[in-house]
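Just below is one structure, and these are the notes that go with it.
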Amino acid sequence: MSEPQSTYFDQAAATWDDNPVRVALMKAVAGALIRQARPTPKTAMLDYGCGTGLISFFLAPHVGTVTAADNSEGMLTVLQQKIEQSGVKTIRAIRLDLERDPLPDERYDLVATNMVMHHVADTLGLLRKFHALLRPGGVLCIADLDTEPGVFHDAQAATTVHHHGFDRQEFKGLMVQVGFCEPRDITAHTIRKPVAGGGERDFPVFLITGRR
């Protein structure tokens, strides 16, 4: 993680869950993930780039265990507080930066990310690591922005961005390149928000799923 990313997400963590647009996105993506990936009470899930655990908590009743991983200490502090206050026993918070850290030993049935990949410099490298972390037959679920002209993020958040969204066909091609089978995409949600210069714009968010 670069220093601008670390600083931005650590500082944003305390009020991260207060944004209704972010919460609505989480609910839409999590609902789509359940429909597309069909997790079971035996599913071991990795929520990579989990932030404060919005997706983790939504998915916890639908899976067996959730490993909630992030590289922001601020986000993980908030998440750990939420775990302790809720009494949920099936979510485990860990610090993990797959761009720099070695692969953990644990393997998963489901790996999910929500609005994470546009913050990652080496898309293909991270997809390779996700493939390695999945058990045979496991499912990868990626939710992120369609290609946009660089107006989605405000100036501060933009310092953490490596990609202004993704072309779905190109992204699915990368997944096939690293070994995922027949990736499929749907539109999970559309965010409507003000943009610089005035007015509002729609930003579609895709969910792409692929099986190892």
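Identifiers in this document derive from the order of the structure tokens: chains are assigned A, B, ..., residues are numbered from 1 separately in each chain, and ligands are numbered from 1 in order of occurrence.
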
Exercise for review: Going by DSSP on the backbone, which bits of chain A are strand (DSSP E or B)? Write them as a PyMOL selection string, please.
Suggested key: chain A and resi 44-48+65-70+91-95+108-114+134-146+166+181-194+200-211

**Study point:** Polymer residues at most 6 Å from Pro183 in chain A, only C-alpha atoms, same-chain spacing of 2 or more positions, as a count of residues only
**Key:** 4

Check your understanding: If we count only C-alpha atoms, what is near Ile83 in chain A at a cut-off of 12 Å, once residues fewer than 6 positions away on the same chain are taken out, given as a list in words?
Key -> Thr52, Gly53, Leu54, Ser56, Phe57, Ala60, Val66, Thr67, Ala68, Leu76, Thr77, Lys89, Thr90, Ile91, Arg92 and Ala93 of chain A

Write a file of the selected residues as a PDB file, in the first residue's frame, keeping N, CA and C atoms.
```pdb
ATOM      1  N   THR A  52     -14.382  -1.660   6.679  1.00  0.00           N
ATOM      2  CA  THR A  52     -14.999  -1.823   8.003  1.00  0.00           C
ATOM      3  C   THR A  52     -15.887  -3.053   8.097  1.00  0.00           C
ATOM      4  N   GLY A  53     -15.884  -3.872   7.057  1.00  0.00           N
ATOM      5  CA  GLY A  53     -16.610  -5.132   7.127  1.00  0.00           C
ATOM      6  C   GLY A  53     -18.063  -5.079   6.700  1.00  0.00           C
ATOM      7  N   LEU A  54     -18.453  -4.089   5.916  1.00  0.00           N
ATOM      8  CA  LEU A  54     -19.852  -4.006   5.494  1.00  0.00           C
ATOM      9  C   LEU A  54     -20.294  -5.269   4.757  1.00  0.00           C
ATOM     10  N   SER A  56     -18.702  -8.174   4.800  1.00  0.00           N
ATOM     11  CA  SER A  56     -18.488  -9.323   5.686  1.00  0.00           C
ATOM     12  C   SER A  56     -19.691  -9.579   6.582  1.00  0.00           C
ATOM     13  N   PHE A  57     -20.212  -8.530   7.183  1.00  0.00           N
ATOM     14  CA  PHE A  57     -21.346  -8.700   8.086  1.00  0.00           C
ATOM     15  C   PHE A  57     -22.607  -9.097   7.337  1.00  0.00           C
ATOM     16  N   ALA A  60     -22.096 -12.846   6.393  1.00  0.00           N
ATOM     17  CA  ALA A  60     -21.840 -13.802   7.475  1.00  0.00           C
ATOM     18  C   ALA A  60     -22.981 -14.804   7.697  1.00  0.00           C
ATOM     19  N   VAL A  66     -15.980 -16.046   7.560  1.00  0.00           N
ATOM     20  CA  VAL A  66     -15.475 -14.932   6.763  1.00  0.00           C
ATOM     21  C   VAL A  66     -14.126 -14.506   7.324  1.00  0.00           C
ATOM     22  N   THR A  67     -13.106 -14.545   6.479  1.00  0.00           N
ATOM     23  CA  THR A  67     -11.834 -13.912   6.798  1.00  0.00           C
ATOM     24  C   THR A  67     -11.860 -12.534   6.163  1.00  0.00           C
ATOM     25  N   ALA A  68     -11.926 -11.513   6.994  1.00  0.00           N
ATOM     26  CA  ALA A  68     -12.026 -10.130   6.521  1.00  0.00           C
ATOM     27  C   ALA A  68     -10.637  -9.516   6.529  1.00  0.00           C
ATOM     28  N   LEU A  76      -9.266  -1.792   9.976  1.00  0.00           N
ATOM     29  CA  LEU A  76      -9.296  -3.013  10.774  1.00  0.00           C
ATOM     30  C   LEU A  76      -9.635  -2.728  12.235  1.00  0.00           C
ATOM     31  N   THR A  77      -9.228  -1.585  12.756  1.00  0.00           N
ATOM     32  CA  THR A  77      -9.587  -1.217  14.127  1.00  0.00           C
ATOM     33  C   THR A  77     -11.088  -1.065  14.266  1.00  0.00           C
ATOM     34  N   LYS A  89     -19.238 -14.546  15.797  1.00  0.00           N
ATOM     35  CA  LYS A  89     -18.074 -15.405  16.015  1.00  0.00           C
ATOM     36  C   LYS A  89     -17.467 -15.922  14.711  1.00  0.00           C
ATOM     37  N   THR A  90     -18.123 -15.683  13.581  1.00  0.00           N
ATOM     38  CA  THR A  90     -17.682 -16.307  12.332  1.00  0.00           C
ATOM     39  C   THR A  90     -16.872 -15.364  11.449  1.00  0.00           C
ATOM     40  N   ILE A  91     -16.634 -14.121  11.904  1.00  0.00           N
ATOM     41  CA  ILE A  91     -15.818 -13.171  11.148  1.00  0.00           C
ATOM     42  C   ILE A  91     -14.485 -12.985  11.864  1.00  0.00           C
ATOM     43  N   ARG A  92     -13.404 -13.141  11.109  1.00  0.00           N
ATOM     44  CA  ARG A  92     -12.058 -12.947  11.649  1.00  0.00           C
ATOM     45  C   ARG A  92     -11.365 -11.849  10.851  1.00  0.00           C
ATOM     46  N   ALA A  93     -10.851 -10.839  11.536  1.00  0.00           N
ATOM     47  CA  ALA A  93     -10.172  -9.726  10.874  1.00  0.00           C
ATOM     48  C   ALA A  93      -8.667  -9.976  10.845  1.00  0.00           C
TER      49      ALA A  93
END
```

List as a Markdown table every residue of range 137-182 of chain A that is in contact with range 37-51 of chain A, defined as an atom at most 10 Å from one of its atoms (using only C-alpha atoms), together with the nearest atom pair and the distance in Å rounded to one decimal, sorted by chain and then rising number.
```
| residue | atom | partner | partner_atom | distance |
| --- | --- | --- | --- | --- |
| A:Gly138 | CA | A:Thr43 | CA | 9.3 |
| A:Val139 | CA | A:Ala37 | CA | 6.7 |
| A:Leu140 | CA | A:Ala37 | CA | 8.4 |
| A:Cys141 | CA | A:Ala37 | CA | 7.6 |
```

Revision key, fill the gap. CA of Val29 in chain A sits from CA of Lys129 in chain A at a separation of 22.2 Å

Return as a Markdown table the residues of range 9-38 of chain A lying at most 12 Å from range 98-118 of chain A, together with the closest atom-to-atom pair for each and the distance in Å to one decimal, counting only C-alpha atoms, with rows in chain order and ascending residue number.
```
| residue | atom | partner | partner_atom | distance |
| --- | --- | --- | --- | --- |
| A:Phe9 | CA | A:Val116 | CA | 12.0 |
| A:Arg22 | CA | A:Met115 | CA | 10.2 |
| A:Val23 | CA | A:Asn114 | CA | 11.8 |
| A:Leu25 | CA | A:Asn114 | CA | 9.2 |
| A:Met26 | CA | A:Asn114 | CA | 7.8 |
| A:Lys27 | CA | A:Asn114 | CA | 11.0 |
| A:Ala28 | CA | A:Asn114 | CA | 10.8 |
| A:Val29 | CA | A:Asn114 | CA | 7.6 |
| A:Ala30 | CA | A:Asn114 | CA | 9.0 |
| A:Ala32 | CA | A:Asn114 | CA | 11.6 |
| A:Leu33 | CA | A:Ala112 | CA | 8.5 |
| A:Ile34 | CA | A:Leu110 | CA | 10.9 |
| A:Gln36 | CA | A:Leu110 | CA | 11.5 |
| A:Ala37 | CA | A:Leu110 | CA | 8.1 |
| A:Arg38 | CA | A:Leu110 | CA | 9.9 |
```

Review point. Could you name the residues that touch Phe171 in chain A at 12 Å or less, counting only C-alpha atoms, but leaving out those on the same chain fewer than 2 positions away, as a PyMOL selection string?
Key: chain A and resi 117-118+123-124+127+142-147+163+165-169+173-178+180+183-185+206-210

Exercise for review: Enumerate as a VMD selection string all residues of range 121-197 of chain A assigned to alpha helix (DSSP H) by DSSP on the backbone, naming them with the chain letters and numbers the document uses.
Suggested key: chain A and resid 123 to 133 155 to 158 168 to 178

**Study point:** Separation of CA of Ile55 in chain A from CA of Arg95 in chain A, in Å and rounded to one decimal
**Key:** 16.5 Å

Review point. Any idea what the distance is between CA of Gly150 in chain A and CA of Thr187 in chain A?
Key: 19.6 Å
